[in-house]
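File shown here: entry17.cif, holding mmCIF, C-alpha atoms.
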data_coords
#
loop_
_atom_site.label_atom_id
_atom_site.label_comp_id
_atom_site.auth_asym_id
_atom_site.auth_seq_id
_atom_site.Cartn_x
_atom_site.Cartn_y
_atom_site.Cartn_z
CA MET K 81 -0.89 32.66 -44.38
CA VAL K 82 2.22 30.54 -43.71
CA PHE K 83 1.57 26.95 -42.62
CA THR K 84 4.08 26.89 -39.77
CA GLU K 85 3.36 23.35 -38.56
CA ALA K 86 3.32 21.91 -42.06
CA ARG K 87 6.62 23.59 -42.94
CA ALA K 88 8.13 22.25 -39.71
CA LYS K 89 7.22 18.75 -40.88
CA ILE K 90 9.01 19.36 -44.18
CA GLN K 91 12.02 20.55 -42.21
CA TRP K 92 11.96 17.34 -40.17
CA ALA K 93 11.65 15.32 -43.37
CA ASN K 94 14.71 17.06 -44.77
CA GLU K 95 16.61 16.37 -41.54
CA HIS K 96 15.85 12.67 -41.90
CA LEU K 97 16.89 12.86 -45.55
CA ALA K 98 20.22 14.45 -44.57
CA ASN K 99 20.76 11.66 -42.03
CA LEU K 100 19.91 9.14 -44.73
CA LYS K 101 22.59 10.56 -47.02
CA ARG K 102 25.13 10.39 -44.20
CA ARG K 103 24.18 6.79 -43.49
CA ILE K 104 24.64 5.85 -47.13
CA SER K 105 28.04 7.56 -47.11
CA GLU K 106 29.05 5.48 -44.08
CA LEU K 107 27.90 2.37 -45.91
CA GLU K 108 30.04 3.23 -48.93
CA ASP K 109 33.09 3.54 -46.69
CA SER K 110 32.55 0.06 -45.26
CA TYR K 111 33.34 -1.79 -48.47
CA SER K 112 36.01 -4.45 -48.87
CA ALA K 113 37.66 -5.61 -52.09
CA VAL K 114 39.73 -8.79 -52.34
CA ILE K 115 41.05 -10.82 -55.25
CA GLU K 116 39.86 -14.43 -55.35
CA VAL K 117 40.30 -17.33 -57.75
CA HIS K 118 37.21 -19.09 -59.03
CA PRO K 119 37.28 -22.56 -57.39
CA LYS K 120 36.10 -24.37 -60.52
CA PHE K 121 37.31 -22.40 -63.54
CA GLY K 122 40.48 -20.86 -62.11
CA TYR K 123 40.11 -17.28 -63.32
CA LYS K 124 40.74 -14.32 -61.02
CA MET K 125 37.97 -12.02 -59.85
CA ILE K 126 37.57 -9.10 -57.52
CA LYS K 127 35.05 -9.66 -54.73
CA TYR K 128 33.36 -6.54 -53.34
CA ASP K 129 31.39 -6.73 -50.11
CA LEU K 130 30.05 -4.39 -47.44
CA ALA K 131 30.89 -4.92 -43.78
CA ASP K 132 28.12 -2.61 -42.56
CA LYS K 133 25.36 -5.18 -42.07
CA SER K 134 22.98 -2.92 -40.12
CA ALA K 135 22.72 -0.37 -42.91
CA ILE K 136 19.61 -1.74 -44.60
CA GLU K 137 17.46 -1.52 -41.46
CA ASP K 138 18.81 1.94 -40.57
CA ILE K 139 18.17 3.21 -44.08
CA SER K 140 14.67 1.72 -44.09
CA LEU K 141 13.75 3.53 -40.87
CA LEU K 142 15.08 6.85 -42.18
CA VAL K 143 13.15 6.43 -45.43
CA GLY K 144 9.97 5.71 -43.48
CA ASP K 145 10.48 8.72 -41.19
CA THR K 146 11.07 11.01 -44.17
CA LEU K 147 7.92 9.83 -45.93
CA HIS K 148 5.82 10.06 -42.76
CA ASN K 149 6.79 13.69 -42.17
CA LEU K 150 6.08 14.63 -45.78
CA LYS K 151 2.61 13.10 -45.55
CA CYS K 152 1.98 14.91 -42.26
CA ALA K 153 2.99 18.18 -43.93
CA LEU K 154 0.36 17.64 -46.61
CA ASP K 155 -2.29 16.72 -44.04
CA TYR K 156 -1.50 19.76 -41.88
CA GLY K 157 -1.70 22.08 -44.89
CA TRP K 158 -5.01 20.62 -46.00
CA ILE K 159 -6.54 20.96 -42.53
CA LYS K 160 -5.39 24.60 -42.33
CA CYS K 161 -7.04 25.20 -45.66
CA LEU K 162 -10.27 23.61 -44.49
CA GLU K 163 -10.23 25.59 -41.24
CA ARG K 164 -10.43 28.74 -43.32
CA HIS K 165 -12.85 27.62 -46.05
CA ALA K 166 -14.81 24.57 -44.85
CA PRO K 167 -14.33 23.84 -41.12
CA HIS K 168 -17.44 21.66 -41.11
CA ALA K 169 -15.60 19.16 -43.39
CA ILE K 170 -12.94 18.38 -40.77
CA ASN K 171 -13.19 15.16 -38.76
CA ASP K 172 -10.89 12.61 -37.14
CA HIS K 173 -10.14 11.00 -40.53
CA THR K 174 -9.39 14.16 -42.51
CA GLN K 175 -6.27 13.90 -44.65
CA PHE K 176 -4.88 15.48 -47.78
CA PRO K 177 -6.92 14.20 -50.76
CA VAL K 178 -4.93 11.85 -52.97
CA HIS K 179 -6.77 9.35 -55.17
CA SER K 180 -5.99 6.67 -57.71
CA THR K 181 -7.93 8.38 -60.52
CA GLU K 182 -9.03 11.86 -61.51
CA GLN K 183 -12.65 10.80 -61.20
CA GLY K 184 -12.07 9.45 -57.71
CA LEU K 185 -10.56 12.77 -56.70
CA LYS K 186 -13.45 14.71 -58.21
CA ASP K 187 -16.02 12.51 -56.47
CA ALA K 188 -14.32 13.01 -53.10
CA LEU K 189 -14.02 16.78 -53.45
CA THR K 190 -17.59 17.27 -54.68
CA ASP K 191 -19.13 15.10 -51.96
CA PRO K 192 -22.22 17.12 -50.90
CA LYS K 193 -21.51 16.37 -47.22
CA LYS K 194 -18.23 18.33 -47.39
CA GLN K 195 -19.61 21.40 -49.15
CA LEU K 196 -16.18 22.49 -50.35
CA PRO K 197 -16.03 25.84 -52.16
CA ALA K 198 -15.85 25.60 -55.95
CA LYS K 199 -12.57 27.54 -56.11
CA LEU K 200 -10.87 25.02 -53.82
CA ILE K 201 -12.20 22.09 -55.82
CA ASN K 202 -10.99 23.69 -59.03
CA LEU K 203 -7.55 24.33 -57.51
CA PHE K 204 -7.11 20.59 -56.92
CA LEU K 205 -8.59 19.45 -60.22
CA ALA K 206 -6.87 22.03 -62.43
CA LYS K 207 -3.53 22.64 -60.68
CA ILE K 208 -2.51 20.25 -57.89
CA LYS K 209 -3.92 17.06 -59.51
CA PRO K 210 -2.99 14.56 -56.78
CA TYR K 211 -3.44 11.30 -58.69
CA PRO K 212 -1.20 8.98 -60.77
CA GLY K 213 -0.29 10.23 -64.20
CA ARG K 214 -0.47 13.87 -63.12
CA ASN K 215 1.22 14.23 -59.75
CA ASP K 216 2.91 10.89 -59.22
CA ALA K 217 4.97 12.21 -56.30
CA LEU K 218 1.88 12.75 -54.14
CA TRP K 219 0.54 9.32 -55.06
CA ASP K 220 3.90 7.73 -54.22
CA ILE K 221 3.99 9.44 -50.82
CA LYS K 222 0.55 8.09 -49.98
CA THR K 223 1.14 4.52 -51.14
CA LEU K 224 4.63 4.24 -49.65
CA ASN K 225 3.30 5.42 -46.28
CA ILE K 226 0.62 2.74 -46.44
CA LEU K 227 3.25 0.10 -47.21
CA ASP K 228 5.47 1.34 -44.39
CA LYS K 229 2.66 0.75 -41.90
CA HIS K 230 2.72 -2.97 -42.66
CA ARG K 231 6.40 -3.65 -43.27
CA LEU K 232 9.74 -1.88 -43.41
CA LEU K 233 10.48 -0.36 -46.80
CA LEU K 234 13.61 -2.47 -47.24
CA PRO K 235 15.66 -0.97 -50.07
CA VAL K 236 18.05 -2.70 -52.45
CA ILE K 237 21.76 -1.93 -52.28
CA THR K 238 23.31 -1.81 -55.75
CA TYR K 239 26.39 -0.35 -57.34
CA GLY K 240 26.26 2.00 -60.30
CA GLY K 241 29.87 1.23 -61.24
CA ILE K 242 33.36 0.76 -59.82
CA THR K 243 35.33 3.98 -59.59
CA GLY K 244 39.12 3.93 -59.72
CA LEU K 245 39.42 0.33 -60.97
CA GLN K 246 42.76 -0.13 -62.76
CA MET K 247 43.92 -3.31 -64.50
CA GLU K 248 46.77 -4.16 -66.86
CA ASP K 249 47.70 -7.03 -69.16
CA GLU K 250 50.72 -9.34 -68.76
CA ARG K 251 52.96 -6.72 -70.46
CA GLY K 252 51.91 -3.98 -68.06
CA LYS K 253 49.71 -2.21 -70.59
CA PRO K 254 46.54 -0.69 -69.12
CA ILE K 255 43.38 -2.61 -69.93
CA GLN K 256 40.53 -0.48 -71.12
CA GLY K 257 37.49 -1.96 -69.49
CA PHE K 258 33.95 -1.05 -68.58
CA VAL K 259 32.10 -2.09 -65.46
CA SER K 260 28.34 -1.71 -65.64
CA GLY K 261 26.06 -1.45 -62.64
CA THR K 262 24.10 -4.33 -61.18
CA THR K 263 21.10 -5.01 -58.99
CA LEU K 264 22.46 -8.39 -57.87
CA GLU K 265 22.70 -9.09 -54.16
CA LEU K 266 25.99 -8.82 -52.30
CA PRO K 267 28.77 -9.79 -52.69
CA TRP K 268 29.58 -8.44 -56.15
CA TYR K 269 32.19 -9.94 -58.46
CA ILE K 270 34.21 -8.41 -61.30
CA ARG K 271 36.16 -10.85 -63.47
CA VAL K 272 39.79 -10.04 -64.20
CA PRO K 273 40.69 -10.65 -67.88
CA ASP K 274 42.84 -13.73 -68.50
CA GLY K 275 46.49 -12.85 -67.95
CA GLY K 276 45.55 -9.51 -66.44
CA ASN K 277 46.63 -7.98 -63.16
CA VAL K 278 44.84 -5.58 -60.84
CA LYS K 279 46.69 -2.37 -59.98
CA HIS K 280 43.84 -0.79 -58.02
CA LYS K 281 40.66 -2.56 -57.00
CA GLY K 282 38.58 0.62 -57.08
CA LYS K 283 35.54 1.45 -55.01
CA PRO K 284 31.90 0.56 -55.68
CA SER K 285 29.62 3.54 -56.21
CA ILE K 286 26.66 2.67 -54.00
CA GLU K 287 23.06 3.30 -55.01
CA ILE K 288 20.02 2.63 -52.84
CA LEU K 289 16.88 1.67 -54.75
CA PHE K 290 13.30 0.95 -53.73
CA ASP K 291 12.62 -2.79 -53.70
CA GLU K 292 9.94 -4.75 -55.51
CA GLY K 293 6.38 -4.18 -54.35
CA ALA K 294 6.75 -0.41 -54.10
CA PRO K 295 5.24 1.86 -56.77
CA THR K 296 8.72 3.33 -57.08
CA HIS K 297 10.42 -0.04 -57.73
CA CYS K 298 14.07 0.48 -58.77
CA HIS K 299 13.90 4.27 -58.30
CA ASN K 300 16.86 5.83 -56.51
CA VAL K 301 15.71 6.40 -52.91
CA VAL K 302 17.54 9.69 -52.32
CA PHE K 303 16.54 11.24 -55.64
CA ALA K 304 12.92 10.22 -55.11
CA LEU K 305 12.74 11.65 -51.58
CA GLU K 306 14.33 14.92 -52.72
CA LEU K 307 11.68 15.18 -55.44
CA TYR K 308 8.89 14.41 -52.97
CA SER K 309 10.11 17.06 -50.54
CA ALA K 310 10.24 19.70 -53.27
CA MET K 311 6.76 18.74 -54.49
CA VAL K 312 5.22 18.88 -51.01
CA LEU K 313 6.68 22.34 -50.48
CA GLN K 314 5.27 23.45 -53.83
CA VAL K 315 1.82 22.16 -52.90
CA LEU K 316 1.94 23.94 -49.54
CA GLU K 317 2.95 27.20 -51.22
CA THR K 318 0.01 26.79 -53.59
CA LEU K 319 -2.41 26.30 -50.69
CA GLU K 320 -0.88 29.20 -48.75
CA ALA K 321 -1.39 31.48 -51.74
CA PHE K 322 -4.99 30.28 -52.06
CA ILE K 323 -5.79 31.14 -48.46
#
Encoded form (structure tokens):
Amino acid sequence: MVFTEARAKIQWANEHLANLKRRISELEDSYSAVIEVHPKFGYKMIKYDLADKSAIEDISLLVGDTLHNLKCALDYGWIKCLERHAPHAINDHTQFPVHSTEQGLKDALTDPKKQLPAKLINLFLAKIKPYPGRNDALWDIKTLNILDKHRLLLPVITYGGITGLQMEDERGKPIQGFVSGTTLELPWYIRVPDGGNVKHKGKPSIEILFDEGAPTHCHNVVFALELYSAMVLQVLETLEAFI
């Protein structure tokens, strides 16, 4: 059996993810780079800033929409599975079982009131394992959705490096330098070596990370969502094969 509704939710999640990538690309193109002189110490520095001030809220909404659709896909798949094997266990609060511990998962699945078939219980305990330390992606989807109900999942904008930055010394010789990434808030500053000149200011390579308070703190948002989408699809395929 193919879970049509659940797969449609994954498709919607991937649409939101594609829009998220486009929004980040627009943000990258909004950067500015100007050379300033430190008001106290007198050395030159390059100041990088982003003019796109609405990006954070837009990105937050797209992240929340992606996560919501992935959770719905899991819930739809689980309900389809129950409709075939344990329809009596379905109620208004039924959702895909994800728990904080293996024992918590086992207790929920073996609840006598649900009367779930042993093969289904074993599938979750032996293969799917939706709890931290085994299938962290499913746990992240659950906890991030809970957080998103109470506040926007505001990400952190960072740069992983400055691409195309070119500097030279007072004799015109290229300066071999290295610019590491940062998680500092905007604007970002790169110091120009004493006596050096800037030939090309370069462009910051933008990364969007989950902020503090999320279980995925400092994880790259796009990479994480791509992983979650792939994992949800894998779980659905496992349940489809079981049915």
Task: range 87-102 of chain K surroundings by all atoms listed in the file, 8 Å radius, close-in-sequence under 5 positions cut, as an MDAnalysis selection string - done: chainID K and resid 139 142:143 145:150 152:153 302 305:306 309 312:313
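Take CA of Gly240 in chain K and CA of Asp228 in chain K: the distance between them is 26.2 Å.
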- [ ] Take the PyMOL selection byres ((chain K and resi 124) around 12), apply it to the structure above, and return the hits as a ChimeraX atom specification.
- [x] /K:114-123,125-127,247,269-278
Considering all atoms listed in the file, return as a tab-separated table (two decimals) with C-alpha atoms, keeping the file's coordinate frame whatever protein or nucleic-acid residues lie within 10 Å of His280 in chain K, sequence-local ones (same chain, fewer than 3 positions apart) excluded.
chain	number	residue	atom	x	y	z
K	113	ALA	CA	37.66	-5.61	-52.09
K	243	THR	CA	35.33	3.98	-59.59
K	244	GLY	CA	39.12	3.93	-59.72
K	245	LEU	CA	39.42	0.33	-60.97
K	246	GLN	CA	42.76	-0.13	-62.76
K	247	MET	CA	43.92	-3.31	-64.50
K	248	GLU	CA	46.77	-4.16	-66.86
K	277	ASN	CA	46.63	-7.98	-63.16
K	283	LYS	CA	35.54	1.45	-55.01
With only C-alpha atoms as the counted atoms, please give the residues lying no more than 8 Å from range 205-220 of chain K, apart from itself and same-chain residues fewer than 3 positions off, as an mmCIF file with C-alpha atoms, in the coordinates of the input.
data_model
loop_
_atom_site.group_PDB
_atom_site.id
_atom_site.type_symbol
_atom_site.label_atom_id
_atom_site.label_comp_id
_atom_site.auth_asym_id
_atom_site.auth_seq_id
_atom_site.Cartn_x
_atom_site.Cartn_y
_atom_site.Cartn_z
ATOM 1 C CA PRO K 177 -6.920 14.200 -50.760
ATOM 2 C CA VAL K 178 -4.930 11.850 -52.970
ATOM 3 C CA HIS K 179 -6.770 9.350 -55.170
ATOM 4 C CA SER K 180 -5.990 6.670 -57.710
ATOM 5 C CA THR K 181 -7.930 8.380 -60.520
ATOM 6 C CA GLU K 182 -9.030 11.860 -61.510
ATOM 7 C CA LEU K 185 -10.560 12.770 -56.700
ATOM 8 C CA LYS K 186 -13.450 14.710 -58.210
ATOM 9 C CA ILE K 201 -12.200 22.090 -55.820
ATOM 10 C CA ASN K 202 -10.990 23.690 -59.030
ATOM 11 C CA THR K 223 1.140 4.520 -51.140
ATOM 12 C CA LEU K 224 4.630 4.240 -49.650
ATOM 13 C CA PRO K 295 5.240 1.860 -56.770
ATOM 14 C CA THR K 296 8.720 3.330 -57.080
ATOM 15 C CA LEU K 307 11.680 15.180 -55.440
ATOM 16 C CA TYR K 308 8.890 14.410 -52.970
ATOM 17 C CA MET K 311 6.760 18.740 -54.490
ATOM 18 C CA VAL K 312 5.220 18.880 -51.010
ATOM 19 C CA VAL K 315 1.820 22.160 -52.900
#
Open item on the list: Which residues, named as in the file, does the PyMOL selection byres ((chain K and resi 157) around 8) pick out? Answer as number ranges by chain.
Closed with: K: 83, 86, 153-156, 158-161, 176, 316, 319
Task: Coordinates-based distance that separates CA of Lys222 in chain K from CA of Ala135 in chain K (Å, one decimal) - done: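 Distance reported for this atom pair: 24.8 Å.
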Open item on the list: Just to confirm, what's the straight-line distance from CA of Asp191 in chain K to CA of Leu203 in chain K in Å (one decimal)?
Closed with: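 Interatomic distance here is 15.8 Å.
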- [ ] Taking the file as shown, find all residues satisfying the PyMOL selection byres ((chain K and resi 140) around 7) and write them as a VMD selection string.
- [x] chain K and resid 136 to 139 141 to 144 232 to 235
TODO: Identify, on the basis of all atoms listed in the file, every residue whose closest approach to Glu108 in chain K does not exceed 10 Å; exclude the query and any residue fewer than 6 positions from it along the same chain; express the result as a ChimeraX atom specification.
DONE: /K:102,130-132,239,283-287
- [ ] Identify the residues around (35.9, -4.1, -50.1) within a radius of 6 Å, measuring from all atoms listed in the file in the coordinates stated by the file, and give them as an MDAnalysis selection string.
- [x] chainID K and resid 111:113 128:129
- [ ] Identify, on the basis of only C-alpha atoms, every residue whose closest approach to His165 in chain K does not exceed 8 Å; exclude the query and any residue fewer than 3 positions from it along the same chain; express the result as an MDAnalysis selection string.
- [x] chainID K and resid 161:162 196:197
TODO: Rank nothing, just name the residue among K:Thr84, K:Glu320, K:Lys194, K:Asn300 nearest to Asn171 in chain K, using all atoms listed in the file.
DONE: K:Lys194
Task: Shortest interatomic distance to Gly261 in chain K - which of K:Ser134, K:Thr318, K:Gln175, K:Thr238, counting all atoms listed in the file - done: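 Under the stated criterion, the closest residue is K:Thr238.
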My structure is short of atoms at range 99-118 of chain K; please model N, CA and C atoms there, returning them as a CSV table (one decimal), in the coordinates of the input.
chain,number,residue,atom,x,y,z
K,99,ASN,N,20.2,12.8,-42.8
K,99,ASN,CA,20.8,11.7,-42.0
K,99,ASN,C,20.9,10.4,-42.9
K,100,LEU,N,19.9,10.3,-43.8
K,100,LEU,CA,19.9,9.1,-44.7
K,100,LEU,C,21.1,9.2,-45.6
K,101,LYS,N,21.4,10.4,-46.2
K,101,LYS,CA,22.6,10.6,-47.0
K,101,LYS,C,23.9,10.2,-46.3
K,102,ARG,N,23.9,10.7,-45.0
K,102,ARG,CA,25.1,10.4,-44.2
K,102,ARG,C,25.3,8.9,-44.0
K,103,ARG,N,24.1,8.2,-43.7
K,103,ARG,CA,24.2,6.8,-43.5
K,103,ARG,C,24.6,6.0,-44.7
K,104,ILE,N,24.2,6.5,-45.9
K,104,ILE,CA,24.6,5.8,-47.1
K,104,ILE,C,26.1,6.1,-47.3
K,105,SER,N,26.6,7.3,-47.0
K,105,SER,CA,28.0,7.6,-47.1
K,105,SER,C,28.9,6.6,-46.2
K,106,GLU,N,28.4,6.4,-45.0
K,106,GLU,CA,29.0,5.5,-44.1
K,106,GLU,C,29.1,4.1,-44.7
K,107,LEU,N,28.0,3.7,-45.3
K,107,LEU,CA,27.9,2.4,-45.9
K,107,LEU,C,28.9,2.2,-47.0
K,108,GLU,N,29.1,3.3,-47.8
K,108,GLU,CA,30.0,3.2,-48.9
K,108,GLU,C,31.5,3.0,-48.4
K,109,ASP,N,31.7,3.6,-47.3
K,109,ASP,CA,33.1,3.5,-46.7
K,109,ASP,C,33.4,2.2,-46.0
K,110,SER,N,32.4,1.3,-45.9
K,110,SER,CA,32.6,0.1,-45.3
K,110,SER,C,32.9,-1.1,-46.2
K,111,TYR,N,33.1,-0.7,-47.5
K,111,TYR,CA,33.3,-1.8,-48.5
K,111,TYR,C,34.7,-2.5,-48.3
K,112,SER,N,34.8,-3.7,-48.8
K,112,SER,CA,36.0,-4.4,-48.9
K,112,SER,C,36.2,-5.0,-50.3
K,113,ALA,N,37.4,-5.1,-50.7
K,113,ALA,CA,37.7,-5.6,-52.1
K,113,ALA,C,38.9,-6.5,-52.0
K,114,VAL,N,38.6,-7.8,-52.4
K,114,VAL,CA,39.7,-8.8,-52.3
K,114,VAL,C,39.7,-9.6,-53.6
K,115,ILE,N,40.9,-10.0,-54.0
K,115,ILE,CA,41.0,-10.8,-55.2
K,115,ILE,C,40.9,-12.3,-54.9
K,116,GLU,N,40.1,-13.0,-55.6
K,116,GLU,CA,39.9,-14.4,-55.4
K,116,GLU,C,40.0,-15.2,-56.7
K,117,VAL,N,40.2,-16.5,-56.6
K,117,VAL,CA,40.3,-17.3,-57.8
K,117,VAL,C,39.1,-18.2,-57.8
K,118,HIS,N,38.4,-18.3,-58.9
K,118,HIS,CA,37.2,-19.1,-59.0
K,118,HIS,C,37.6,-20.6,-58.7
